[in-house]
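As stored in start-v7.cif (mmCIF, C-alpha atoms):
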data_entry
loop_
_atom_site.label_atom_id
_atom_site.label_comp_id
_atom_site.auth_asym_id
_atom_site.auth_seq_id
_atom_site.Cartn_x
_atom_site.Cartn_y
_atom_site.Cartn_z
CA MET S 1 30.02 -154.41 16.21
CA PRO S 2 33.52 -153.49 14.92
CA THR S 3 34.00 -151.08 12.05
CA VAL S 4 35.05 -152.63 8.76
CA ALA S 5 38.17 -151.04 7.31
CA LEU S 6 38.43 -150.08 3.67
CA SER S 7 41.00 -151.75 1.45
CA THR S 8 43.89 -149.90 -0.17
CA PRO S 9 42.29 -150.02 -3.66
CA VAL S 10 39.08 -148.52 -2.26
CA ARG S 11 41.04 -145.77 -0.50
CA ARG S 12 42.81 -144.97 -3.76
CA LEU S 13 39.49 -144.81 -5.55
CA MET S 14 38.27 -142.32 -2.96
CA ALA S 15 41.40 -140.24 -3.47
CA ALA S 16 40.44 -140.14 -7.15
CA THR S 17 36.96 -139.01 -6.11
CA MET S 18 38.44 -136.15 -4.09
CA ALA S 19 40.60 -134.95 -6.99
CA ASN S 20 37.71 -135.24 -9.46
CA CYS S 21 35.04 -133.60 -7.30
CA LEU S 22 37.25 -130.76 -6.14
CA GLY S 23 37.52 -129.75 -9.79
CA THR S 24 33.79 -130.31 -10.24
CA GLY S 25 33.18 -127.84 -7.44
CA PHE S 26 35.20 -125.25 -9.34
CA VAL S 27 32.88 -125.34 -12.37
CA LEU S 28 29.55 -126.82 -11.27
CA PRO S 29 27.77 -123.49 -10.62
CA ILE S 30 29.46 -121.39 -13.29
CA VAL S 31 28.83 -122.99 -16.69
CA LEU S 32 25.62 -121.08 -17.44
CA ILE S 33 27.09 -117.81 -16.12
CA TYR S 34 30.26 -118.33 -18.16
CA LEU S 35 28.42 -119.00 -21.40
CA HIS S 36 25.87 -116.20 -20.98
CA ARG S 37 27.54 -113.35 -19.14
CA VAL S 38 31.20 -113.91 -20.01
CA ARG S 39 30.93 -115.22 -23.58
CA GLY S 40 27.74 -113.35 -24.49
CA ILE S 41 25.69 -116.33 -25.70
CA PRO S 42 21.94 -115.51 -25.46
CA LEU S 43 20.22 -116.95 -22.40
CA SER S 44 17.66 -118.88 -24.48
CA THR S 45 20.48 -120.53 -26.42
CA THR S 46 22.42 -121.19 -23.23
CA GLY S 47 19.43 -123.03 -21.78
CA LEU S 48 19.37 -125.35 -24.77
CA LEU S 49 23.11 -125.87 -24.54
CA MET S 50 22.83 -126.88 -20.88
CA ALA S 51 20.55 -129.79 -21.85
CA ILE S 52 23.18 -131.29 -24.18
CA PRO S 53 25.18 -133.27 -21.55
CA GLY S 54 22.03 -134.97 -20.26
CA VAL S 55 20.88 -135.96 -23.74
CA ILE S 56 24.31 -137.30 -24.71
CA GLY S 57 24.50 -139.13 -21.39
CA LEU S 58 21.28 -140.96 -22.20
CA ILE S 59 22.84 -142.16 -25.43
CA VAL S 60 26.24 -143.29 -24.15
CA VAL S 61 25.36 -144.72 -20.73
CA PRO S 62 23.92 -148.03 -22.08
CA LEU S 63 27.02 -148.56 -24.20
CA SER S 64 29.31 -147.79 -21.27
CA GLY S 65 27.55 -150.42 -19.15
CA ALA S 66 28.16 -153.09 -21.77
CA LEU S 67 31.79 -152.00 -22.11
CA SER S 68 32.27 -152.17 -18.33
CA ASP S 69 31.00 -155.75 -18.29
CA ARG S 70 33.15 -156.70 -21.25
CA PHE S 71 36.45 -154.93 -20.55
CA GLY S 72 36.22 -153.80 -16.93
CA ALA S 73 34.89 -150.69 -15.22
CA ARG S 74 38.37 -149.32 -14.52
CA GLN S 75 39.14 -148.92 -18.23
CA VAL S 76 35.80 -147.22 -18.91
CA LEU S 77 36.27 -144.86 -15.96
CA VAL S 78 39.79 -143.85 -17.02
CA VAL S 79 38.70 -143.10 -20.59
CA ALA S 80 35.66 -141.14 -19.38
CA GLN S 81 37.80 -139.02 -17.05
CA LEU S 82 40.33 -138.26 -19.78
CA VAL S 83 37.54 -137.21 -22.16
CA LEU S 84 36.07 -134.99 -19.43
CA SER S 85 39.47 -133.39 -18.90
CA ALA S 86 39.62 -132.64 -22.63
CA ALA S 87 36.10 -131.19 -22.51
CA GLU S 88 37.05 -128.77 -19.72
CA ILE S 89 40.08 -127.62 -21.74
CA CYS S 90 37.75 -127.00 -24.68
CA MET S 91 35.52 -124.88 -22.40
CA ILE S 92 38.47 -122.53 -21.84
CA PHE S 93 38.42 -121.54 -25.52
CA VAL S 94 34.64 -121.28 -25.98
CA HIS S 95 33.50 -118.07 -27.71
CA THR S 96 30.52 -119.22 -29.79
CA ALA S 97 27.46 -121.38 -29.29
CA GLY S 98 28.80 -123.94 -31.77
CA TRP S 99 32.08 -124.32 -29.88
CA ALA S 100 30.17 -124.55 -26.61
CA ALA S 101 27.94 -127.27 -28.05
CA ALA S 102 30.99 -129.32 -29.08
CA ALA S 103 32.54 -128.98 -25.62
CA LEU S 104 29.27 -129.92 -23.92
CA VAL S 105 28.87 -132.97 -26.16
CA LEU S 106 32.26 -134.14 -24.90
CA ARG S 107 31.14 -133.35 -21.35
CA GLY S 108 28.01 -135.45 -21.71
CA ALA S 109 29.89 -138.32 -23.34
CA ALA S 110 32.27 -138.35 -20.35
CA MET S 111 29.96 -137.58 -17.44
CA GLY S 112 27.29 -140.10 -18.47
CA PRO S 113 29.53 -143.18 -18.03
CA THR S 114 31.56 -141.80 -15.09
CA PHE S 115 29.20 -142.53 -12.21
CA PRO S 116 27.99 -145.97 -13.42
CA ALA S 117 31.58 -147.04 -14.09
CA PHE S 118 32.70 -145.70 -10.72
CA ASN S 119 29.90 -147.50 -8.87
CA THR S 120 30.67 -150.71 -10.75
CA LEU S 121 34.36 -150.46 -9.87
CA LEU S 122 33.66 -149.64 -6.23
CA GLY S 123 31.13 -152.47 -6.05
CA SER S 124 33.69 -154.93 -7.44
CA LEU S 125 36.35 -153.85 -4.93
CA SER S 126 34.21 -154.25 -1.81
CA GLU S 127 31.37 -156.37 -0.48
CA GLY S 128 29.00 -156.56 2.45
CA ARG S 129 29.51 -154.02 5.24
CA ALA S 130 32.74 -152.82 3.66
CA GLN S 131 30.80 -151.97 0.50
CA GLN S 132 28.07 -150.12 2.38
CA ARG S 133 30.70 -148.13 4.28
CA ALA S 134 32.63 -147.40 1.09
CA PHE S 135 29.62 -145.95 -0.74
CA ALA S 136 28.62 -143.85 2.27
CA ILE S 137 32.09 -142.40 2.84
CA ASN S 138 32.57 -141.79 -0.86
CA PHE S 139 29.32 -139.80 -0.89
CA THR S 140 30.63 -137.69 1.99
CA ILE S 141 33.84 -137.03 0.08
CA VAL S 142 31.90 -136.02 -3.03
CA ASN S 143 29.98 -133.38 -1.11
CA ALA S 144 32.94 -132.13 0.89
CA ALA S 145 35.17 -131.81 -2.17
CA ILE S 146 32.50 -130.08 -4.27
CA GLY S 147 31.80 -127.74 -1.37
CA VAL S 148 35.47 -126.79 -1.02
CA GLY S 149 35.76 -126.33 -4.78
CA GLY S 150 32.72 -124.06 -4.74
CA VAL S 151 34.21 -121.90 -1.99
CA VAL S 152 37.48 -121.55 -3.91
CA GLY S 153 35.56 -120.61 -7.05
CA GLY S 154 33.53 -118.04 -5.15
CA VAL S 155 36.73 -116.34 -3.98
CA ILE S 156 38.43 -116.28 -7.39
CA LEU S 157 35.63 -115.74 -9.93
CA ASP S 158 34.91 -112.32 -11.38
CA ALA S 159 32.47 -111.93 -14.29
CA HIS S 160 34.50 -108.96 -15.56
CA HIS S 161 37.63 -111.08 -15.94
CA PRO S 162 37.15 -114.15 -18.19
CA TRP S 163 40.51 -115.55 -17.15
CA THR S 164 39.15 -116.29 -13.67
CA PHE S 165 36.60 -118.66 -15.24
CA GLN S 166 39.24 -120.17 -17.49
CA ILE S 167 41.39 -120.96 -14.45
CA MET S 168 38.46 -122.85 -12.93
CA PHE S 169 38.00 -124.97 -16.06
CA LEU S 170 41.75 -125.62 -16.18
CA GLY S 171 41.68 -126.64 -12.52
CA ASP S 172 38.86 -129.09 -13.24
CA ALA S 173 40.80 -130.51 -16.20
CA ILE S 174 43.88 -131.05 -14.04
CA GLY S 175 41.89 -132.60 -11.18
CA THR S 176 40.10 -134.99 -13.54
CA ALA S 177 43.35 -136.02 -15.22
CA LEU S 178 44.89 -136.64 -11.79
CA ALA S 179 41.87 -138.77 -10.88
CA SER S 180 42.35 -140.90 -13.99
CA ALA S 181 46.01 -141.46 -13.07
CA ILE S 182 45.00 -142.60 -9.57
CA VAL S 183 42.40 -144.99 -11.00
CA LEU S 184 45.08 -146.48 -13.25
CA SER S 185 47.10 -147.35 -10.13
CA ILE S 186 44.26 -149.51 -8.80
CA ARG S 187 44.33 -153.22 -9.51
CA ASN S 188 42.12 -154.00 -12.43
CA SER S 189 38.54 -154.92 -11.65
CA LYS S 190 37.80 -158.35 -13.02
CA PRO S 191 35.57 -158.25 -16.06
CA ALA S 192 32.95 -160.94 -16.17
CA VAL S 193 33.97 -164.26 -17.60
CA HIS S 194 31.80 -164.72 -20.66
CA ASP S 195 30.73 -168.26 -21.34
CA GLU S 196 31.03 -168.66 -25.09
CA SER S 197 29.96 -172.31 -25.14
CA GLU S 198 27.12 -173.36 -27.34
CA GLY S 199 23.75 -172.35 -25.95
CA ALA S 200 25.18 -169.88 -23.43
CA ARG S 201 23.12 -166.73 -23.03
CA PRO S 202 25.13 -163.55 -23.71
CA ALA S 203 25.03 -160.78 -21.12
CA SER S 204 22.41 -158.14 -21.89
CA TYR S 205 20.22 -155.47 -20.34
CA ARG S 206 17.32 -157.91 -20.63
CA GLN S 207 19.18 -160.06 -18.11
CA VAL S 208 19.18 -157.14 -15.66
CA LEU S 209 15.49 -156.37 -16.09
CA ALA S 210 14.50 -160.04 -16.01
CA ARG S 211 15.14 -160.07 -12.27
CA PRO S 212 12.00 -158.61 -10.60
CA SER S 213 13.88 -157.19 -7.62
CA LEU S 214 16.32 -155.29 -9.83
CA ARG S 215 13.52 -154.11 -12.07
CA ARG S 216 11.67 -152.68 -9.07
CA LEU S 217 14.86 -151.09 -7.75
CA VAL S 218 15.47 -149.36 -11.09
CA PHE S 219 11.96 -147.89 -10.96
CA ILE S 220 12.47 -146.75 -7.36
CA THR S 221 15.73 -145.10 -8.46
CA LEU S 222 13.90 -143.28 -11.26
CA LEU S 223 11.38 -141.88 -8.75
CA LEU S 224 14.21 -140.88 -6.40
CA ALA S 225 15.89 -139.05 -9.27
CA LEU S 226 12.73 -137.26 -10.41
CA CYS S 227 11.54 -136.36 -6.90
CA GLY S 228 15.00 -135.78 -5.48
CA TYR S 229 18.22 -134.66 -7.08
CA ALA S 230 16.88 -133.49 -10.43
CA ALA S 231 14.04 -131.54 -8.80
CA LEU S 232 16.44 -130.02 -6.29
CA ASP S 233 18.88 -129.00 -9.00
CA SER S 234 16.33 -127.29 -11.24
CA GLY S 235 13.44 -126.47 -8.94
CA LEU S 236 15.15 -125.14 -5.82
CA PRO S 237 16.54 -121.95 -7.38
CA ALA S 238 13.41 -121.38 -9.48
CA TYR S 239 10.81 -121.85 -6.71
CA ALA S 240 12.90 -120.16 -4.01
CA ASN S 241 13.61 -117.09 -6.14
CA VAL S 242 10.40 -116.73 -8.18
CA VAL S 243 7.76 -117.98 -5.72
CA ALA S 244 9.31 -117.54 -2.26
CA GLY S 245 11.16 -114.39 -3.31
CA VAL S 246 14.50 -115.16 -1.66
CA SER S 247 17.79 -113.99 -3.14
CA PRO S 248 20.22 -116.13 -5.15
CA GLN S 249 22.67 -115.69 -2.28
CA VAL S 250 20.26 -117.45 0.10
CA VAL S 251 19.88 -120.26 -2.46
CA ALA S 252 23.67 -120.65 -2.42
CA TRP S 253 23.66 -120.71 1.38
CA SER S 254 20.96 -123.38 1.35
CA LEU S 255 23.10 -125.60 -0.87
CA SER S 256 26.02 -125.05 1.51
CA ALA S 257 23.76 -126.16 4.37
CA ASN S 258 22.89 -129.28 2.37
CA THR S 259 26.56 -130.14 1.93
CA LEU S 260 27.41 -129.41 5.56
CA VAL S 261 24.68 -131.73 6.86
CA ILE S 262 25.90 -134.57 4.65
CA VAL S 263 29.53 -134.15 5.73
CA VAL S 264 28.58 -134.01 9.43
CA CYS S 265 25.86 -136.69 9.51
CA GLN S 266 26.90 -139.35 6.99
CA LEU S 267 29.09 -141.47 9.27
CA VAL S 268 26.57 -141.14 12.11
CA VAL S 269 23.78 -142.39 9.83
CA LEU S 270 26.03 -145.20 8.60
CA ARG S 271 26.42 -146.42 12.18
CA LEU S 272 22.65 -146.23 12.70
CA LEU S 273 22.10 -148.40 9.62
CA ARG S 274 24.62 -151.05 10.64
CA GLY S 275 22.91 -154.43 10.60
CA ARG S 276 19.62 -153.00 9.32
CA ARG S 277 17.90 -153.52 5.97
CA ARG S 278 18.82 -151.26 3.08
CA THR S 279 15.21 -151.09 1.99
CA LEU S 280 14.39 -149.58 5.39
CA ALA S 281 16.90 -146.83 4.61
CA ILE S 282 15.12 -146.18 1.29
CA VAL S 283 11.80 -145.94 3.15
CA ILE S 284 13.35 -143.30 5.41
CA VAL S 285 14.68 -141.38 2.39
CA GLY S 286 11.18 -141.15 0.94
CA LEU S 287 9.65 -139.98 4.22
CA VAL S 288 12.36 -137.40 4.95
CA TRP S 289 12.26 -136.01 1.42
CA CYS S 290 8.47 -135.85 1.51
CA GLY S 291 8.63 -133.76 4.68
CA SER S 292 11.36 -131.55 3.29
CA TRP S 293 9.39 -130.77 0.10
CA LEU S 294 6.28 -129.92 2.10
CA LEU S 295 8.36 -127.57 4.24
CA PHE S 296 9.83 -126.00 1.09
CA GLY S 297 6.32 -125.38 -0.22
CA LEU S 298 5.59 -123.34 2.92
CA SER S 299 8.49 -120.99 2.14
CA ALA S 300 6.12 -118.85 0.04
CA VAL S 301 3.61 -118.42 2.88
CA PRO S 302 5.15 -116.24 5.63
CA ASP S 303 5.04 -112.45 5.40
CA SER S 304 8.46 -112.31 7.04
CA HIS S 305 11.22 -112.37 4.42
CA THR S 306 13.67 -113.67 7.02
CA LEU S 307 11.41 -116.59 7.87
CA ARG S 308 11.15 -117.48 4.19
CA GLU S 309 14.94 -117.57 3.98
CA VAL S 310 15.17 -119.75 7.08
CA ILE S 311 12.65 -122.22 5.62
CA VAL S 312 14.57 -122.49 2.32
CA ILE S 313 17.83 -123.17 4.16
CA ALA S 314 16.12 -125.67 6.51
CA PHE S 315 14.64 -127.47 3.49
CA SER S 316 18.07 -128.04 1.95
CA ALA S 317 19.51 -129.21 5.26
CA ILE S 318 16.69 -131.73 5.86
CA PHE S 319 16.95 -132.91 2.25
CA GLY S 320 20.67 -133.53 2.83
CA PHE S 321 19.87 -135.60 5.91
CA GLY S 322 17.70 -137.83 3.70
CA GLU S 323 20.57 -138.17 1.24
CA CYS S 324 22.68 -139.68 4.05
CA PHE S 325 20.30 -142.66 4.13
CA MET S 326 20.33 -143.04 0.36
CA SER S 327 24.07 -143.33 -0.30
CA PRO S 328 24.65 -146.52 1.77
CA SER S 329 21.52 -148.22 0.46
CA VAL S 330 20.64 -147.84 -3.23
CA ALA S 331 24.01 -148.31 -4.98
CA PRO S 332 25.16 -151.16 -2.68
CA LEU S 333 21.80 -152.89 -3.19
CA VAL S 334 22.19 -152.63 -6.97
CA ASN S 335 25.65 -154.19 -6.76
CA THR S 336 24.41 -156.93 -4.43
CA LEU S 337 21.46 -157.94 -6.59
CA ALA S 338 23.25 -157.79 -9.96
CA ALA S 339 25.13 -160.83 -11.20
CA ASP S 340 28.82 -160.27 -11.87
CA GLU S 341 28.43 -160.56 -15.63
CA VAL S 342 25.87 -157.71 -15.76
CA ARG S 343 27.08 -155.52 -12.88
CA GLY S 344 28.18 -152.79 -15.27
CA ARG S 345 24.85 -152.82 -17.08
CA ALA S 346 22.92 -152.67 -13.81
CA ASN S 347 24.87 -149.60 -12.66
CA ALA S 348 24.53 -148.03 -16.10
CA LEU S 349 20.77 -148.56 -16.02
CA THR S 350 20.38 -146.88 -12.64
CA GLY S 351 22.76 -144.13 -13.78
CA GLY S 352 20.77 -143.68 -16.97
CA VAL S 353 17.56 -142.93 -15.11
CA TYR S 354 19.35 -140.00 -13.47
CA SER S 355 20.35 -138.67 -16.90
CA LEU S 356 16.72 -138.97 -17.95
CA ALA S 357 15.53 -137.16 -14.84
CA PHE S 358 17.96 -134.30 -15.35
CA VAL S 359 16.71 -133.87 -18.92
CA VAL S 360 12.98 -133.76 -18.12
CA SER S 361 12.91 -132.26 -14.62
CA PRO S 362 13.88 -128.67 -15.59
CA ALA S 363 11.02 -128.54 -18.10
CA ILE S 364 8.54 -129.92 -15.58
CA SER S 365 9.49 -127.57 -12.75
CA ALA S 366 9.65 -124.55 -15.05
CA ALA S 367 6.22 -125.34 -16.51
CA PHE S 368 4.50 -125.57 -13.12
CA ILE S 369 6.27 -122.56 -11.60
CA SER S 370 5.81 -120.29 -14.64
CA ALA S 371 2.10 -121.23 -14.72
CA GLY S 372 1.73 -120.05 -11.12
CA ILE S 373 1.01 -123.51 -9.73
CA GLY S 374 4.32 -124.21 -8.02
CA GLY S 375 2.38 -125.57 -5.04
CA VAL S 376 0.99 -128.36 -7.22
CA TRP S 377 4.53 -129.22 -8.30
CA ILE S 378 5.59 -129.42 -4.64
CA GLY S 379 2.61 -131.67 -3.87
CA LEU S 380 3.50 -134.04 -6.70
CA LEU S 381 7.09 -134.29 -5.49
CA ALA S 382 5.95 -135.07 -1.94
CA ALA S 383 3.53 -137.70 -3.22
CA GLY S 384 6.26 -139.24 -5.36
CA CYS S 385 8.49 -139.55 -2.29
CA LEU S 386 5.71 -141.37 -0.44
CA VAL S 387 5.40 -143.76 -3.39
CA VAL S 388 9.14 -144.45 -3.06
CA SER S 389 8.65 -145.46 0.59
CA ALA S 390 5.70 -147.69 -0.29
CA LEU S 391 7.59 -149.42 -3.11
CA ALA S 392 10.63 -149.92 -0.87
CA LEU S 393 8.42 -151.67 1.69
CA ARG S 394 7.08 -153.97 -1.02
CA LEU S 395 10.62 -154.66 -2.26
CA ARG S 396 11.69 -155.46 1.30
CA ARG S 397 9.19 -158.32 1.49
CA ARG S 398 10.63 -159.85 -1.68
CA LEU S 399 14.32 -159.77 -0.69
CA ARG S 400 16.13 -162.32 1.42
CA PRO S 401 17.88 -160.81 4.45
CA GLU S 402 21.31 -161.78 3.12
CA HIS S 403 20.65 -159.53 0.09
CA ASP S 404 19.02 -156.67 1.97
CA VAL S 405 21.31 -156.49 5.00
CA ALA S 406 25.00 -155.67 4.63
CA THR S 407 27.00 -158.52 6.18
CA GLU S 408 30.69 -158.79 6.84
CA THR S 409 32.50 -160.79 4.16
CA HIS S 410 36.07 -162.05 3.85
CA LEU S 411 36.39 -162.78 0.15
CA ASP S 412 39.56 -160.79 -0.36
CA ASP S 413 42.64 -160.20 1.79
CA ASP S 414 42.45 -156.53 0.89
CA ILE S 415 38.93 -156.06 2.13
CA ALA S 416 37.97 -157.82 5.37
CA THR S 417 40.30 -156.22 7.95
CA LEU S 418 39.08 -154.38 11.01
CA GLU S 419 39.76 -150.86 12.25
CA SER S 420 38.75 -148.98 15.37
CA GLY S 421 38.37 -145.49 14.00
CA ALA S 422 36.95 -143.64 11.00
CA ILE S 423 39.06 -143.42 7.86
CA ALA S 424 40.64 -140.17 6.80
CA ASN S 425 38.61 -137.68 4.78
CA ARG S 426 38.96 -138.39 1.06
#

Show the structure stored in the file as structure tokens.
Amino acid sequence: MPTVALSTPVRRLMAATMANCLGTGFVLPIVLIYLHRVRGIPLSTTGLLMAIPGVIGLIVVPLSGALSDRFGARQVLVVAQLVLSAAEICMIFVHTAGWAAAALVLRGAAMGPTFPAFNTLLGSLSEGRAQQRAFAINFTIVNAAIGVGGVVGGVILDAHHPWTFQIMFLGDAIGTALASAIVLSIRNSKPAVHDESEGARPASYRQVLARPSLRRLVFITLLLALCGYAALDSGLPAYANVVAGVSPQVVAWSLSANTLVIVVCQLVVLRLLRGRRRTLAIVIVGLVWCGSWLLFGLSAVPDSHTLREVIVIAFSAIFGFGECFMSPSVAPLVNTLAADEVRGRANALTGGVYSLAFVVSPAISAAFISAGIGGVWIGLLAAGCLVVSALALRLRRRLRPEHDVATETHLDDDIATLESGAIANR
């Protein structure tokens, strides 16, 4: 089966992803260190500050979905990226908790709408197999760019020199502004045509949730967020360091292994999924993540410190392999099932559950680990992943093959051309 090429607008959108995520890699691991060690804000206060973007994201994401449906996802994405660029400039001048809170409010207001708007725009620019390929390759670019940005930051940063942190925030601001300029060069995504005739039903979130298949997919996404990314982000460093007793350096290496696996395996997995159901890919995600969490739980068992480190790194690598099955399945399925007039709301809803997960997951993981029952926390995560697989199997039985399987479409001259090789790295 030939490989579907990506259209010029999609390639430009991926170039914007590369510029944006390279800057994200500069600052992703340093915000807490910058606020606490460089600016001297107490750690307890810093922890509260770090929750601000997630809370603000929960508030603004529903509004951004409605705006994407009304005015177009491109406009929402450009505004969000410009606000994020301004937030990173504000971070340069942070010296007090109050100033940090203001900057992080801006960050949350920008980051919350960014991913739903991006997914809506990408979904509107591609369909069928081209869409599945686009989401998978974009996910590879995200990880590669963040990984490169993290390496650059690791070389430059010095806690004794605040200017090294300020350069990172400036670099993120420049990269995000460049991304917004690239997005502006893309042809406008078509906002839904609203039927204003008498008796016409206005677009709403109720319309999204009224469709059983979408409602089930949103719940599956919530479980994936709680048992996946949010748990990895908050629980990996806590459990690995406190329970398994490995060093922060090993935690950093494990995240590098995660990124490396995604970059190496994503296109291979995409070929394996060609012509197969997306719900099958979600089943595989649940099973792989379940196994990875159980392996992670064993990292506290061996007497050998080296073996503990190997297990932590292997966990992150296996988890990354599961992510390769998620990127070409969940977001494309959302965009396939959602009607055009509520596509933005559907992406905002699935993006909002991630914001919710990132707010509650740190408290959950910290509570279990600090109480000395980290193993129970691991067991709950593994069980949640199995529930994801079971729900995906049930969803599979309710979807028609034309919705569940990516098919080649020719709706746009930009999109349905063929190529023989892989596209360039974003």

| remark: What separates atom CA of Val376 of chain S and atom CA of Phe358 of chain S is a distance of 19.7 Å

| message | Taking only C-alpha atoms into account, name the residue in S:Leu104, S:Ala281, S:Leu84, S:Ala225 that is nearest to Val55 of chain S. | response |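 Among the listed residues, the smallest separation from Val55 of chain S belongs to S:Leu104.
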
| field | Residues selected by the PyMOL selection byres ((chain S and resi 183) around 7), written as a PyMOL selection string | value | chain S and resi 13+16+74+78+179-182+184-186

File dump, residues just selected, C-alpha atoms, as a PDB file, keeping the file's coordinate frame:
ATOM      1  CA  LEU S  13      39.490-144.810  -5.550  1.00  0.00           C
ATOM      2  CA  ALA S  16      40.440-140.140  -7.150  1.00  0.00           C
ATOM      3  CA  ARG S  74      38.370-149.320 -14.520  1.00  0.00           C
ATOM      4  CA  VAL S  78      39.790-143.850 -17.020  1.00  0.00           C
ATOM      5  CA  ALA S 179      41.870-138.770 -10.880  1.00  0.00           C
ATOM      6  CA  SER S 180      42.350-140.900 -13.990  1.00  0.00           C
ATOM      7  CA  ALA S 181      46.010-141.460 -13.070  1.00  0.00           C
ATOM      8  CA  ILE S 182      45.000-142.600  -9.570  1.00  0.00           C
ATOM      9  CA  LEU S 184      45.080-146.480 -13.250  1.00  0.00           C
ATOM     10  CA  SER S 185      47.100-147.350 -10.130  1.00  0.00           C
ATOM     11  CA  ILE S 186      44.260-149.510  -8.800  1.00  0.00           C
TER      12      ILE S 186
END

Once the PyMOL selection byres ((chain S and resi 8) around 10) is applied to the coordinates I shared, what remains selected? I want it as a PDB file with C-alpha atoms, keeping the file's coordinate frame.
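Dumped to out-v4.pdb:
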ATOM      1  CA  ALA S   5      38.170-151.040   7.310  1.00  0.00           C
ATOM      2  CA  LEU S   6      38.430-150.080   3.670  1.00  0.00           C
ATOM      3  CA  SER S   7      41.000-151.750   1.450  1.00  0.00           C
ATOM      4  CA  PRO S   9      42.290-150.020  -3.660  1.00  0.00           C
ATOM      5  CA  VAL S  10      39.080-148.520  -2.260  1.00  0.00           C
ATOM      6  CA  ARG S  11      41.040-145.770  -0.500  1.00  0.00           C
ATOM      7  CA  ARG S  12      42.810-144.970  -3.760  1.00  0.00           C
ATOM      8  CA  LEU S  13      39.490-144.810  -5.550  1.00  0.00           C
ATOM      9  CA  MET S  14      38.270-142.320  -2.960  1.00  0.00           C
ATOM     10  CA  LEU S 125      36.350-153.850  -4.930  1.00  0.00           C
ATOM     11  CA  ILE S 186      44.260-149.510  -8.800  1.00  0.00           C
ATOM     12  CA  ARG S 187      44.330-153.220  -9.510  1.00  0.00           C
ATOM     13  CA  ASP S 414      42.450-156.530   0.890  1.00  0.00           C
ATOM     14  CA  ILE S 415      38.930-156.060   2.130  1.00  0.00           C
TER      15      ILE S 415
END

| field | Selected residue of minimal separation from Val148 of chain S among S:Thr24, S:Ser126, S:Ser329, S:Gln81, counting all atoms listed in the file | value |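 The shortest atom-to-atom distance to Val148 of chain S comes from S:Thr24.
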
| Coordinates-based distance that separates atom CA of Met326 of chain S from atom CA of Phe26 of chain S (Å, one decimal) |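 One can read the atom CA of Phe26 of chain S to atom CA of Met326 of chain S distance as 25.1 Å.
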
| message | I'd like the interatomic distance between atom CA of Leu295 of chain S and atom CA of Gly384 of chain S, to a tenth of an Å. | response |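 Going from atom CA of Leu295 of chain S over to atom CA of Gly384 of chain S, I get 15.3 Å.
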
| task | Could you check which of S:Ala86, S:Ala230, S:Val353, S:Ile167 is closest to Ser365 of chain S, using only C-alpha atoms? | result | S:Ala230

| query | Pick from S:Pro116, S:Gly171, S:Gly291, S:Gly40: nearest to Gly153 of chain S, with all atoms listed in the file counted? | reply |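 Using all atoms listed in the file, Gly153 of chain S sits closest to S:Gly171.
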
| message | Could you check the closest approach to Leu236 of chain S for each of S:Ile313, S:Val76, S:Leu170, S:Leu260 and tell me which residue wins, using all atoms listed in the file? | response | S:Ile313

Sorted by chain and rising residue number, which residues of segment 325-388 of chain S lie within 12 Å of segment 45-50 of chain S, and what are their closest atom pairs and distances in Å to one decimal, counting all atoms listed in the file, as a tab-separated table?
residue	atom	partner	partner_atom	distance
S:Phe358	CA	S:Met50	CA	10.5
S:Val359	CA	S:Met50	CA	9.5
S:Pro362	CA	S:Gly47	CA	10.0
S:Ala363	CA	S:Gly47	CA	10.7
S:Ala366	CA	S:Gly47	CA	12.0

| request: Could you tell me which of S:Ala203, S:Asn119, S:Ala300, S:Arg37 comes closest to His161 of chain S if we count all atoms listed in the file? | output: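 So, comparing all the options, the nearest one is S:Arg37.
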
| Which residues, written as JSON, numbers by chain, have at least one atom at most 10 Å from Ala110 of chain S, with only C-alpha atoms counted and residues fewer than 3 positions away on the same chain left out? | {"S": [53, 56, 57, 60, 61, 64, 76, 77, 78, 79, 80, 81, 82, 83, 84, 85, 86, 87, 104, 105, 106, 107, 113, 114, 115]}

| What do you get, as a VMD selection string, if you spell out every residue that the PyMOL selection byres ((chain S and resi 34) around 12) selects here? | chain S and resid 27 to 33 35 to 43 46 50 91 to 97 100 157 to 166 168 to 169

| request: List every protein, DNA or RNA residue with an atom no more than 7 Å from (3.8, -129.1, -1.7) in the file's coordinates, counting all atoms listed in the file, and format the result as a list of chain:residue names. | output: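 With a cut-off of 7 Å, the residues come to S:Trp293, S:Leu294, S:Gly297, S:Gly375, S:Val376, S:Trp377, S:Ile378, S:Gly379, S:Ala382.
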
| Residue neighbourhood Val243 of chain S, 9 Å, only C-alpha atoms, exclusion window fewer than 4 positions, as a list in words |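 The residues satisfying every condition are Ala238, Tyr239, Ser299, Ala300, Ile369, Gly372 and Gly374 of chain S.
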
Would you save the residues from that selection as a PDB file, in the coordinates of the input, using C-alpha atoms?
ATOM      1  CA  ALA S 238      13.410-121.380  -9.480  1.00  0.00           C
ATOM      2  CA  TYR S 239      10.810-121.850  -6.710  1.00  0.00           C
ATOM      3  CA  SER S 299       8.490-120.990   2.140  1.00  0.00           C
ATOM      4  CA  ALA S 300       6.120-118.850   0.040  1.00  0.00           C
ATOM      5  CA  ILE S 369       6.270-122.560 -11.600  1.00  0.00           C
ATOM      6  CA  GLY S 372       1.730-120.050 -11.120  1.00  0.00           C
ATOM      7  CA  GLY S 374       4.320-124.210  -8.020  1.00  0.00           C
TER       8      GLY S 374
END

| Residues near Val246 of chain S, cut-off 9 Å, all atoms listed in the file, skip fewer than 4 positions along chain, as a list in words |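 Here the answer would be Ala240, Asn241, Val242, Val250, Val251, His305, Thr306, Arg308, Glu309 and Val312 of chain S.
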